[in-house]
>>> print(open('target-v2.pdb').read())   # PDB, C-alpha atoms, pLDDT in the B column
MODEL        1
ATOM      1  CA  MET A   1      -7.441   7.248   0.555  1.00 61.00           C
ATOM      2  CA  LEU A   2      -6.776   7.552   4.267  1.00 65.00           C
ATOM      3  CA  THR A   3      -9.237   9.261   6.558  1.00 73.00           C
ATOM      4  CA  GLY A   4      -8.269  12.364   8.476  1.00 78.00           C
ATOM      5  CA  LYS A   5      -7.168  10.626  11.658  1.00 79.00           C
ATOM      6  CA  TRP A   6      -4.784   8.260   9.825  1.00 84.00           C
ATOM      7  CA  THR A   7      -3.037  10.782   7.573  1.00 84.00           C
ATOM      8  CA  PRO A   8      -0.753  12.273  10.279  1.00 83.00           C
ATOM      9  CA  LEU A   9       0.143   8.818  11.582  1.00 84.00           C
ATOM     10  CA  ASN A  10       0.941   7.609   8.069  1.00 85.00           C
ATOM     11  CA  ARG A  11       3.197  10.652   7.530  1.00 85.00           C
ATOM     12  CA  GLU A  12       5.069   9.992  10.805  1.00 85.00           C
ATOM     13  CA  VAL A  13       5.571   6.310   9.963  1.00 89.00           C
ATOM     14  CA  GLY A  14       6.804   7.217   6.476  1.00 89.00           C
ATOM     15  CA  MET A  15       9.352   9.662   7.893  1.00 87.00           C
ATOM     16  CA  PHE A  16      10.560   7.095  10.434  1.00 87.00           C
ATOM     17  CA  ASN A  17      10.866   4.419   7.747  1.00 88.00           C
ATOM     18  CA  SER A  18      12.977   6.718   5.586  1.00 88.00           C
ATOM     19  CA  LEU A  19      15.340   7.301   8.537  1.00 86.00           C
ATOM     20  CA  VAL A  20      15.579   3.543   9.098  1.00 86.00           C
ATOM     21  CA  LYS A  21      16.490   2.973   5.452  1.00 87.00           C
ATOM     22  CA  GLU A  22      19.247   5.592   5.408  1.00 87.00           C
ATOM     23  CA  THR A  23      20.770   4.714   8.810  1.00 87.00           C
ATOM     24  CA  LYS A  24      23.305   1.952   8.343  1.00 86.00           C
ATOM     25  CA  ALA A  25      24.195  -0.303  11.255  1.00 84.00           C
ATOM     26  CA  LEU A  26      27.767   0.104  12.437  1.00 85.00           C
ATOM     27  CA  SER A  27      30.042  -2.906  12.613  1.00 86.00           C
ATOM     28  CA  GLY A  28      29.443  -4.763  15.866  1.00 88.00           C
ATOM     29  CA  GLU A  29      26.444  -2.612  16.771  1.00 88.00           C
ATOM     30  CA  ASN A  30      23.440  -4.425  18.224  1.00 92.00           C
ATOM     31  CA  ASP A  31      19.862  -3.755  17.114  1.00 90.00           C
ATOM     32  CA  GLU A  32      18.929  -1.828  20.249  1.00 92.00           C
ATOM     33  CA  ASP A  33      21.797   0.669  19.851  1.00 91.00           C
ATOM     34  CA  TRP A  34      21.024   1.078  16.152  1.00 89.00           C
ATOM     35  CA  LEU A  35      17.342   1.756  16.854  1.00 89.00           C
ATOM     36  CA  THR A  36      18.300   4.304  19.531  1.00 91.00           C
ATOM     37  CA  ARG A  37      20.416   6.151  16.939  1.00 89.00           C
ATOM     38  CA  VAL A  38      17.444   6.171  14.535  1.00 90.00           C
ATOM     39  CA  GLU A  39      15.129   7.498  17.261  1.00 91.00           C
ATOM     40  CA  ILE A  40      17.597  10.264  18.159  1.00 92.00           C
ATOM     41  CA  ARG A  41      17.838  11.299  14.486  1.00 91.00           C
ATOM     42  CA  GLU A  42      14.035  11.410  14.314  1.00 91.00           C
ATOM     43  CA  GLU A  43      13.848  13.507  17.477  1.00 93.00           C
ATOM     44  CA  ILE A  44      16.489  15.937  16.150  1.00 93.00           C
ATOM     45  CA  GLN A  45      14.418  16.441  12.989  1.00 91.00           C
ATOM     46  CA  ARG A  46      11.295  17.062  15.065  1.00 91.00           C
ATOM     47  CA  ILE A  47      13.082  19.563  17.323  1.00 94.00           C
ATOM     48  CA  LYS A  48      14.667  21.430  14.402  1.00 93.00           C
ATOM     49  CA  ALA A  49      11.299  21.570  12.594  1.00 92.00           C
ATOM     50  CA  GLY A  50       9.781  23.268  15.641  1.00 93.00           C
ATOM     51  CA  ASN A  51      12.728  25.630  16.141  1.00 93.00           C
ATOM     52  CA  PRO A  52      14.878  26.019  12.991  1.00 93.00           C
ATOM     53  CA  ASP A  53      17.271  28.457  14.706  1.00 95.00           C
ATOM     54  CA  ILE A  54      18.463  25.912  17.273  1.00 94.00           C
ATOM     55  CA  SER A  55      21.997  24.595  16.779  1.00 94.00           C
ATOM     56  CA  HIS A  56      22.521  20.950  15.939  1.00 90.00           C
ATOM     57  CA  ARG A  57      24.418  20.447  19.198  1.00 93.00           C
ATOM     58  CA  GLU A  58      21.508  21.809  21.265  1.00 94.00           C
ATOM     59  CA  ALA A  59      19.003  19.739  19.274  1.00 93.00           C
ATOM     60  CA  PHE A  60      21.101  16.596  19.791  1.00 92.00           C
ATOM     61  CA  SER A  61      21.378  17.255  23.515  1.00 93.00           C
ATOM     62  CA  ALA A  62      17.618  17.735  23.817  1.00 92.00           C
ATOM     63  CA  ALA A  63      16.912  14.677  21.658  1.00 91.00           C
ATOM     64  CA  ALA A  64      19.219  12.463  23.708  1.00 90.00           C
ATOM     65  CA  LYS A  65      17.356  13.496  26.868  1.00 89.00           C
ATOM     66  CA  ASN A  66      13.951  12.766  25.288  1.00 84.00           C
ATOM     67  CA  VAL A  67      14.811   9.303  23.937  1.00 78.00           C
TER      68      VAL A  67
ENDMDL
END
>>> encode(input="target-v2.pdb", output="structure tokens")
Amino acid sequence: MLTGKWTPLNREVGMFNSLVKETKALSGENDEDWLTRVEIREEIQRIKAGNPDISHREAFSAAAKNV
């Protein structure tokens, strides 16, 4: 059992790992570009969780600026 301070971190890592598993690398794409795509997807999920009414386009724009 994890203590209170580790539970949120473990949840964040689990969510990130699931995004990594479902994001396939594109042909010819290097690791840095692939990881940037994963980070943007994670940021979009975080933004949409905080504001579910935001459009995907606005969330993507905000995520791209934050990453």
>>> resolve_selection(input="target-v2.pdb", expression="the PyMOL selection byres ((chain A and resi 66) around 12)", output="number ranges by chain")
A: 36, 39-44, 46-47, 59-65, 67
>>> atom_distance(input="target-v2.pdb", atom1="CA of Asn17 in chain A", atom2="CA of Arg37 in chain A")
13.4 Å
>>> residues_around(input="target-v2.pdb", residues="Trp34 in chain A", least_positions_apart="2", cutoff="12 Å", atoms="all atoms listed in the file", output="list in words")
Leu19, Val20, Lys21, Glu22, Thr23, Lys24, Ala25, Leu26, Ser27, Gly28, Glu29, Asn30, Asp31, Glu32, Thr36, Arg37, Val38, Glu39, Ile40 and Arg41 of chain A
>>> write_last_selection(input="target-v2.pdb", atoms="C-alpha atoms", output="PDB file, keeping the file's coordinate frame")
ATOM      1  CA  LEU A  19      15.340   7.301   8.537  1.00 86.00           C
ATOM      2  CA  VAL A  20      15.579   3.543   9.098  1.00 86.00           C
ATOM      3  CA  LYS A  21      16.490   2.973   5.452  1.00 87.00           C
ATOM      4  CA  GLU A  22      19.247   5.592   5.408  1.00 87.00           C
ATOM      5  CA  THR A  23      20.770   4.714   8.810  1.00 87.00           C
ATOM      6  CA  LYS A  24      23.305   1.952   8.343  1.00 86.00           C
ATOM      7  CA  ALA A  25      24.195  -0.303  11.255  1.00 84.00           C
ATOM      8  CA  LEU A  26      27.767   0.104  12.437  1.00 85.00           C
ATOM      9  CA  SER A  27      30.042  -2.906  12.613  1.00 86.00           C
ATOM     10  CA  GLY A  28      29.443  -4.763  15.866  1.00 88.00           C
ATOM     11  CA  GLU A  29      26.444  -2.612  16.771  1.00 88.00           C
ATOM     12  CA  ASN A  30      23.440  -4.425  18.224  1.00 92.00           C
ATOM     13  CA  ASP A  31      19.862  -3.755  17.114  1.00 90.00           C
ATOM     14  CA  GLU A  32      18.929  -1.828  20.249  1.00 92.00           C
ATOM     15  CA  THR A  36      18.300   4.304  19.531  1.00 91.00           C
ATOM     16  CA  ARG A  37      20.416   6.151  16.939  1.00 89.00           C
ATOM     17  CA  VAL A  38      17.444   6.171  14.535  1.00 90.00           C
ATOM     18  CA  GLU A  39      15.129   7.498  17.261  1.00 91.00           C
ATOM     19  CA  ILE A  40      17.597  10.264  18.159  1.00 92.00           C
ATOM     20  CA  ARG A  41      17.838  11.299  14.486  1.00 91.00           C
TER      21      ARG A  41
END
>>> atom_distance(input="target-v2.pdb", atom1="CA of Ile54 in chain A", atom2="CA of Asn10 in chain A")
27.0 Å
>>> atom_distance(input="target-v2.pdb", atom1="CA of Lys5 in chain A", atom2="CA of Pro52 in chain A")
26.9 Å
